[in-house]
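Report on the structure given below.
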Amino acid sequence: MKKGLIVCGTGVATSTVVLGKVKEYLTKEDLISQVELHQANINDAHSRSDDYAFIVSTTIVPDDWKENVIDGVPLLTGIGEEEVYLEIRNKLV
């Protein structure tokens, strides 16, 4: 089973919204059973970033994360959501 991480600056507000949207998408696409989702703030997540197939972030991330990070801001704004979902899907299959 792959793991996904949802992060924001505090690990509370925007990551909670994004986590809900990602869960909804994965359920709709029948992928939810293939991924274990976690939520954290950026500081707590830094030491374990290599453990995840993907990281969806609503905040700035360290340069060494760039390869696995998906910009989660479109899930907050509603503009470009489909591209985010496609990136998540590509990391899982």
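Labeling convention for the structure tokens: chains A, B, ... as they appear, residues from 1 per chain, ligands from 1 in order of appearance.
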Tell me, which residues of chain A carry DSSP strand (DSSP E or B), written as a ChimeraX atom specification? /A:2-8,35-41,54-57,69-71
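All residues of protein, DNA or RNA that reach within 12 Å of A:Glu83, judged by only C-alpha atoms and not counting those fewer than 3 positions away in the chain, are Ile70, Asp71, Gly72, Val73, Pro74, Leu75, Gly78, Ile79, Gly80, Leu86, Glu87, Ile88, Arg89 and Asn90 of chain A.
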Contact residues around A:Ile6 with only C-alpha atoms at 6 Å, ignoring same-chain residues under 5 positions, as an NGL selection string: :A and (15 or 39 or 55-57)
All residues 8 Å or closer to A:Leu76, only C-alpha atoms, same chain fewer than 5 positions away omitted, as a PyMOL selection string: chain A and resi 14+17-18
Excluding A:Ala45 and residues on its chain fewer than 3 positions from it, collect all residues at most 10 Å away from it, counting only C-alpha atoms, and give them as a list in words.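 Near A:Ala45, the qualifying residues are Leu5, Ile6, Val7, Cys8, Gly11, His38, Gln39, Ala40, Asn41, Ile42, Arg48, Ser49, Asp50, Asp51 and Ile55 of chain A.
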I need the chosen residues saved as an mmCIF file, in the first residue's frame, with N, CA, C and O atoms.
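As a result, selection_11.cif now contains:
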```cif
data_model
loop_
_atom_site.group_PDB
_atom_site.id
_atom_site.type_symbol
_atom_site.label_atom_id
_atom_site.label_comp_id
_atom_site.auth_asym_id
_atom_site.auth_seq_id
_atom_site.Cartn_x
_atom_site.Cartn_y
_atom_site.Cartn_z
ATOM 1 N N LEU A 5 0.834 12.064 1.734
ATOM 2 C CA LEU A 5 0.916 13.022 2.821
ATOM 3 C C LEU A 5 0.323 14.346 2.369
ATOM 4 O O LEU A 5 0.632 14.821 1.275
ATOM 5 N N ILE A 6 -0.527 14.908 3.215
ATOM 6 C CA ILE A 6 -1.118 16.216 2.959
ATOM 7 C C ILE A 6 -0.527 17.169 3.992
ATOM 8 O O ILE A 6 -0.649 16.923 5.194
ATOM 9 N N VAL A 7 0.127 18.243 3.529
ATOM 10 C CA VAL A 7 0.765 19.169 4.464
ATOM 11 C C VAL A 7 0.363 20.613 4.204
ATOM 12 O O VAL A 7 0.049 20.998 3.078
ATOM 13 N N CYS A 8 0.400 21.381 5.295
ATOM 14 C CA CYS A 8 0.256 22.831 5.224
ATOM 15 C C CYS A 8 1.152 23.419 6.307
ATOM 16 O O CYS A 8 1.859 22.677 7.002
ATOM 17 N N GLY A 11 -0.582 22.266 9.691
ATOM 18 C CA GLY A 11 -1.094 20.901 9.752
ATOM 19 C C GLY A 11 -2.538 20.828 10.195
ATOM 20 O O GLY A 11 -3.033 19.769 10.555
ATOM 21 N N HIS A 38 -1.989 10.571 5.236
ATOM 22 C CA HIS A 38 -1.543 11.178 6.482
ATOM 23 C C HIS A 38 -1.596 12.690 6.332
ATOM 24 O O HIS A 38 -1.528 13.213 5.226
ATOM 25 N N GLN A 39 -1.668 13.368 7.458
ATOM 26 C CA GLN A 39 -1.729 14.825 7.486
ATOM 27 C C GLN A 39 -0.706 15.334 8.492
ATOM 28 O O GLN A 39 -0.538 14.753 9.563
ATOM 29 N N ALA A 40 -0.008 16.430 8.145
ATOM 30 C CA ALA A 40 1.012 16.964 9.052
ATOM 31 C C ALA A 40 1.299 18.421 8.727
ATOM 32 O O ALA A 40 0.907 18.925 7.672
ATOM 33 N N ASN A 41 2.018 19.066 9.645
ATOM 34 C CA ASN A 41 2.520 20.400 9.320
ATOM 35 C C ASN A 41 3.874 20.235 8.641
ATOM 36 O O ASN A 41 4.496 19.182 8.708
ATOM 37 N N ILE A 42 4.323 21.269 8.010
ATOM 38 C CA ILE A 42 5.527 21.187 7.189
ATOM 39 C C ILE A 42 6.760 20.783 7.994
ATOM 40 O O ILE A 42 7.586 20.003 7.521
ATOM 41 N N ARG A 48 10.227 12.854 7.367
ATOM 42 C CA ARG A 48 9.705 11.609 6.801
ATOM 43 C C ARG A 48 9.220 11.748 5.365
ATOM 44 O O ARG A 48 8.456 10.936 4.880
ATOM 45 N N SER A 49 9.668 12.751 4.669
ATOM 46 C CA SER A 49 9.173 13.006 3.313
ATOM 47 C C SER A 49 9.463 11.874 2.335
ATOM 48 O O SER A 49 8.722 11.672 1.383
ATOM 49 N N ASP A 50 10.516 11.111 2.554
ATOM 50 C CA ASP A 50 10.864 10.015 1.641
ATOM 51 C C ASP A 50 9.944 8.803 1.782
ATOM 52 O O ASP A 50 9.978 7.902 0.953
ATOM 53 N N ASP A 51 9.127 8.784 2.814
ATOM 54 C CA ASP A 51 8.242 7.646 3.067
ATOM 55 C C ASP A 51 6.976 7.653 2.212
ATOM 56 O O ASP A 51 6.192 6.714 2.269
ATOM 57 N N ILE A 55 3.223 13.861 -1.982
ATOM 58 C CA ILE A 55 2.950 14.847 -0.945
ATOM 59 C C ILE A 55 2.167 15.963 -1.608
ATOM 60 O O ILE A 55 2.606 16.518 -2.621
#
```
One number please: atom CA of A:Val61 to atom CA of A:Val93, in Å, one decimal. 24.1 Å
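Note that the spacing between atom CA of A:Phe54 and atom CA of A:Lys66 amounts to 10.3 Å.
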Of the candidates A:Met1, A:Val22, A:Ala53, A:Ile32, which shows the shortest atom-to-atom distance to A:Val84, using only C-alpha atoms?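 Comparing A:Met1, A:Val22, A:Ala53, A:Ile32 against A:Val84, the winner is A:Val22.
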note - atom CA of A:Leu37 and atom CA of A:Asp64 are separated by 21.0 Å
